[in-house]
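This is final35.cif (mmCIF, C-alpha atoms and all ligand atoms).
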```
data_model
loop_
_atom_site.group_PDB
_atom_site.id
_atom_site.type_symbol
_atom_site.label_atom_id
_atom_site.label_comp_id
_atom_site.auth_asym_id
_atom_site.auth_seq_id
_atom_site.Cartn_x
_atom_site.Cartn_y
_atom_site.Cartn_z
ATOM 1 C CA MET A 1 -31.305 37.596 107.988
ATOM 2 C CA GLY A 2 -30.973 35.934 104.594
ATOM 3 C CA GLN A 3 -30.689 32.385 103.416
ATOM 4 C CA GLN A 4 -28.073 30.342 105.196
ATOM 5 C CA GLN A 5 -25.522 28.423 103.190
ATOM 6 C CA SER A 6 -24.389 26.063 105.905
ATOM 7 C CA VAL A 7 -25.523 24.549 109.152
ATOM 8 C CA LYS A 8 -23.690 23.225 112.187
ATOM 9 C CA HIS A 9 -24.960 20.332 114.221
ATOM 10 C CA GLU A 10 -25.162 19.688 117.906
ATOM 11 C CA TYR A 11 -26.097 16.498 119.737
ATOM 12 C CA VAL A 12 -28.468 17.098 122.619
ATOM 13 C CA GLU A 13 -30.516 14.964 124.948
ATOM 14 C CA TYR A 14 -33.560 17.203 124.611
ATOM 15 C CA ILE A 15 -34.264 19.609 121.767
ATOM 16 C CA PRO A 16 -34.040 23.048 123.435
ATOM 17 C CA GLU A 17 -37.123 25.228 123.498
ATOM 18 C CA HIS A 18 -35.272 28.168 121.953
ATOM 19 C CA LEU A 19 -33.150 27.194 118.984
ATOM 20 C CA GLN A 20 -30.186 29.151 117.665
ATOM 21 C CA PRO A 21 -30.268 29.804 113.919
ATOM 22 C CA GLY A 22 -27.790 27.791 111.883
ATOM 23 C CA ILE A 23 -27.707 24.826 114.251
ATOM 24 C CA LEU A 24 -29.276 21.450 113.624
ATOM 25 C CA TYR A 25 -30.078 19.944 117.014
ATOM 26 C CA ILE A 26 -30.056 16.174 117.072
ATOM 27 C CA SER A 27 -31.543 14.032 119.816
ATOM 28 C CA LEU A 28 -30.699 10.390 119.269
ATOM 29 C CA LYS A 29 -32.568 9.527 122.445
ATOM 30 C CA TYR A 30 -35.831 10.857 121.027
ATOM 31 C CA LYS A 31 -34.908 10.078 117.401
ATOM 32 C CA THR A 32 -35.574 13.561 116.173
ATOM 33 C CA ALA A 33 -33.747 16.604 114.893
ATOM 34 C CA SER A 34 -34.823 20.227 114.853
ATOM 35 C CA HIS A 35 -33.565 23.507 113.434
ATOM 36 C CA LEU A 36 -34.813 26.972 112.554
ATOM 37 C CA CYS A 37 -35.823 27.264 108.912
ATOM 38 C CA CYS A 38 -32.677 28.098 106.953
ATOM 39 C CA CYS A 39 -34.354 30.970 105.107
ATOM 40 C CA GLY A 40 -34.194 32.990 108.315
ATOM 41 C CA CYS A 41 -37.955 33.196 108.848
ATOM 42 C CA GLY A 42 -37.585 31.746 112.355
ATOM 43 C CA HIS A 43 -39.994 28.846 111.979
ATOM 44 C CA LYS A 44 -38.981 25.706 113.817
ATOM 45 C CA VAL A 45 -38.499 22.683 111.589
ATOM 46 C CA VAL A 46 -38.840 19.258 113.194
ATOM 47 C CA THR A 47 -37.466 16.293 111.291
ATOM 48 C CA PRO A 48 -38.197 12.958 112.992
ATOM 49 C CA LEU A 49 -35.398 10.482 112.378
ATOM 50 C CA ASN A 50 -36.940 7.184 111.401
ATOM 51 C CA ALA A 51 -37.281 4.987 108.365
ATOM 52 C CA ALA A 52 -40.494 6.684 107.229
ATOM 53 C CA LYS A 53 -39.203 10.240 107.676
ATOM 54 C CA TRP A 54 -35.603 11.453 107.619
ATOM 55 C CA ALA A 55 -32.263 9.736 107.760
ATOM 56 C CA LEU A 56 -29.323 11.479 109.366
ATOM 57 C CA THR A 57 -25.783 10.702 108.293
ATOM 58 C CA ASP A 58 -22.933 11.852 110.513
ATOM 59 C CA HIS A 59 -19.773 12.505 108.499
ATOM 60 C CA GLY A 60 -17.788 13.460 111.582
ATOM 61 C CA LYS A 61 -17.413 17.197 110.998
ATOM 62 C CA SER A 62 -20.775 17.594 109.318
ATOM 63 C CA VAL A 63 -24.099 15.845 108.841
ATOM 64 C CA SER A 64 -26.522 15.189 106.008
ATOM 65 C CA LEU A 65 -30.283 14.863 106.187
ATOM 66 C CA PHE A 66 -32.139 12.811 103.638
ATOM 67 C CA PRO A 67 -34.479 13.426 101.928
ATOM 68 C CA SER A 68 -34.805 17.183 101.476
ATOM 69 C CA VAL A 69 -36.484 19.571 103.926
ATOM 70 C CA GLY A 70 -39.634 20.992 102.336
ATOM 71 C CA ASN A 71 -41.282 23.586 104.548
ATOM 72 C CA TRP A 72 -44.461 23.714 102.513
ATOM 73 C CA SER A 73 -46.606 24.555 105.546
ATOM 74 C CA PHE A 74 -44.616 27.721 106.323
ATOM 75 C CA PRO A 75 -45.254 31.054 104.578
ATOM 76 C CA CYS A 76 -41.703 30.939 103.163
ATOM 77 C CA LYS A 77 -42.227 27.501 101.538
ATOM 78 C CA SER A 78 -38.490 26.883 101.723
ATOM 79 C CA HIS A 79 -37.097 23.771 100.158
ATOM 80 C CA TYR A 80 -33.506 22.698 100.675
ATOM 81 C CA TRP A 81 -31.189 19.790 101.223
ATOM 82 C CA ILE A 82 -28.700 19.543 104.063
ATOM 83 C CA LYS A 83 -25.671 17.791 102.652
ATOM 84 C CA HIS A 84 -22.379 17.632 104.521
ATOM 85 C CA GLY A 85 -23.491 20.639 106.554
ATOM 86 C CA GLN A 86 -24.130 22.677 103.403
ATOM 87 C CA ILE A 87 -27.549 24.021 102.502
ATOM 88 C CA LYS A 88 -28.469 23.261 98.907
ATOM 89 C CA TRP A 89 -31.380 25.494 98.003
ATOM 90 C CA ALA A 90 -34.033 24.260 95.646
ATOM 91 C CA ALA A 91 -35.690 26.666 93.232
ATOM 92 C CA LYS A 92 -38.851 28.428 94.382
ATOM 93 C CA MET A 93 -41.966 26.627 93.260
ATOM 94 C CA SER A 94 -45.590 27.526 92.765
ATOM 95 C CA ASP A 95 -48.312 25.926 94.910
ATOM 96 C CA LYS A 96 -49.236 23.676 92.018
ATOM 97 C CA GLN A 97 -45.662 22.507 91.629
ATOM 98 C CA ILE A 98 -45.355 21.978 95.374
ATOM 99 C CA ALA A 99 -48.466 19.803 95.357
ATOM 100 C CA HIS A 100 -46.925 17.811 92.542
ATOM 101 C CA VAL A 101 -43.564 17.425 94.278
ATOM 102 C CA ARG A 102 -45.161 16.498 97.578
ATOM 103 C CA LYS A 103 -46.592 13.480 95.840
ATOM 104 C CA LEU A 104 -43.208 12.706 94.354
ATOM 105 C CA ASP A 105 -41.269 13.766 97.433
ATOM 106 C CA ARG A 106 -39.471 10.509 97.929
ATOM 107 C CA ALA A 107 -38.669 10.135 94.242
ATOM 108 C CA ASP A 108 -37.525 13.761 94.049
ATOM 109 C CA ALA A 109 -35.005 13.267 96.826
ATOM 110 C CA GLU A 110 -33.742 10.061 95.321
ATOM 111 C CA ILE A 111 -33.283 11.718 91.956
ATOM 112 C CA TYR A 112 -31.232 14.460 93.568
ATOM 113 C CA ALA A 113 -29.059 11.867 95.270
ATOM 114 C CA SER A 114 -28.601 10.038 91.994
ATOM 115 C CA THR A 115 -27.356 13.155 90.183
ATOM 116 C CA THR A 116 -24.348 13.077 92.501
ATOM 117 C CA ASP A 117 -23.943 9.333 92.095
ATOM 118 C CA LYS A 118 -22.681 8.459 88.631
ATOM 119 C CA SER A 119 -23.235 4.766 89.151
ATOM 120 C CA SER A 120 -27.029 5.141 89.194
ATOM 121 C CA LYS A 121 -29.169 3.569 86.549
ATOM 122 C CA ASP A 122 -29.724 5.547 83.337
ATOM 123 C CA ILE A 123 -33.451 5.891 83.828
ATOM 124 C CA ILE A 124 -33.030 8.205 86.823
ATOM 125 C CA PRO A 125 -31.265 11.139 85.063
ATOM 126 C CA GLN A 126 -33.882 10.907 82.321
ATOM 127 C CA LEU A 127 -36.634 11.180 84.891
ATOM 128 C CA TRP A 128 -34.810 14.123 86.476
ATOM 129 C CA LEU A 129 -34.663 15.890 83.104
ATOM 130 C CA TRP A 130 -38.331 15.217 82.581
ATOM 131 C CA ILE A 131 -39.189 16.770 85.938
ATOM 132 C CA ARG A 132 -36.994 19.801 85.261
ATOM 133 C CA ASN A 133 -38.715 20.330 81.939
ATOM 134 C CA PHE A 134 -42.066 19.965 83.626
ATOM 135 C CA PHE A 135 -41.192 22.836 85.979
ATOM 136 C CA LYS A 136 -40.031 25.218 83.248
HETATM 137 ZN ZN ZN B 201 -38.417 29.856 106.241
#
```
Could the structure of this file be written out as structure tokens, please?
Amino acid sequence: MGQQQSVKHEYVEYIPEHLQPGILYISLKYKTASHLCCCGCGHKVVTPLNAAKWALTDHGKSVSLFPSVGNWSFPCKSHYWIKHGQIKWAAKMSDKQIAHVRKLDRADAEIYASTTDKSSKDIIPQLWLWIRNFFK
């Protein structure tokens, strides 16, 4: 199974023990969401939904998770965003780059968001360019 390009969501009371690929399970009761890594490796990704971790936005037909999902602790080291039910894959990174981004994780996600928001301050795209150049 290859990389998924989209994900469905399902509200549940309890996160099931066995997850189906391509489904983001959301438990509002336990303020957590879980899905199988979208690269197809089968690892279970748990994304707690709270102010310090992830924010879930329900658009009706689809959901977004913010910030990005970085599975640095898995062998696949997948990194992607879930936006409107679509998987936006980030480029593969080296361990050194991952260590760097982990530090910047919050900023990284905010920069991504700002690239789709034209009203953001000018400094943010510049920072984004700087980071892209850094990774070249
Ligand atoms: Zn994976």
(request) Would you write out, as a PyMOL selection string, every residue that the PyMOL selection byres (((chain A and resi 24-28) around 8) and not hetatm) captures in this file? (result) chain A and resi 7-15+22-23+29-36
Next, write the just-selected residues to a file, as a JSON list (two decimals), in the frame of the given file, keeping C-alpha atoms as the atom set.
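Output file out_31.json is given in full below:
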```json
[["chain", "number", "residue", "atom", "x", "y", "z"],
["A", 7, "VAL", "CA", -25.52, 24.55, 109.15],
["A", 8, "LYS", "CA", -23.69, 23.22, 112.19],
["A", 9, "HIS", "CA", -24.96, 20.33, 114.22],
["A", 10, "GLU", "CA", -25.16, 19.69, 117.91],
["A", 11, "TYR", "CA", -26.10, 16.50, 119.74],
["A", 12, "VAL", "CA", -28.47, 17.10, 122.62],
["A", 13, "GLU", "CA", -30.52, 14.96, 124.95],
["A", 14, "TYR", "CA", -33.56, 17.20, 124.61],
["A", 15, "ILE", "CA", -34.26, 19.61, 121.77],
["A", 22, "GLY", "CA", -27.79, 27.79, 111.88],
["A", 23, "ILE", "CA", -27.71, 24.83, 114.25],
["A", 29, "LYS", "CA", -32.57, 9.53, 122.44],
["A", 30, "TYR", "CA", -35.83, 10.86, 121.03],
["A", 31, "LYS", "CA", -34.91, 10.08, 117.40],
["A", 32, "THR", "CA", -35.57, 13.56, 116.17],
["A", 33, "ALA", "CA", -33.75, 16.60, 114.89],
["A", 34, "SER", "CA", -34.82, 20.23, 114.85],
["A", 35, "HIS", "CA", -33.56, 23.51, 113.43],
["A", 36, "LEU", "CA", -34.81, 26.97, 112.55]]
```
(request) Evaluate the PyMOL selection byres (((chain A and resi 61-78) around 8) and not hetatm) and record the selected residues as a PyMOL selection string, following the chain and residue labels used in the document. (result) chain A and resi 8-9+37-39+41+43+45+54-60+79-85+90+92+98+106+109-110
(message) Quick check, in Å to one decimal: how far apart do CA of Gly42 in chain A and CA of Trp89 in chain A lie?
(response) 16.8 Å
(message) Under the rule that only C-alpha atoms and all ligand atoms are counted, which of A:Gln4, A:Gly40, A:Ala52, A:Ile87 is the nearest residue to ligand ZN 201 (chain B)?
(response) A:Gly40
(request) Quote the spacing between CA of Pro16 in chain A and CA of Lys88 in chain A in Å to one decimal place. (result)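 Distance reported for this atom pair: 25.2 Å.
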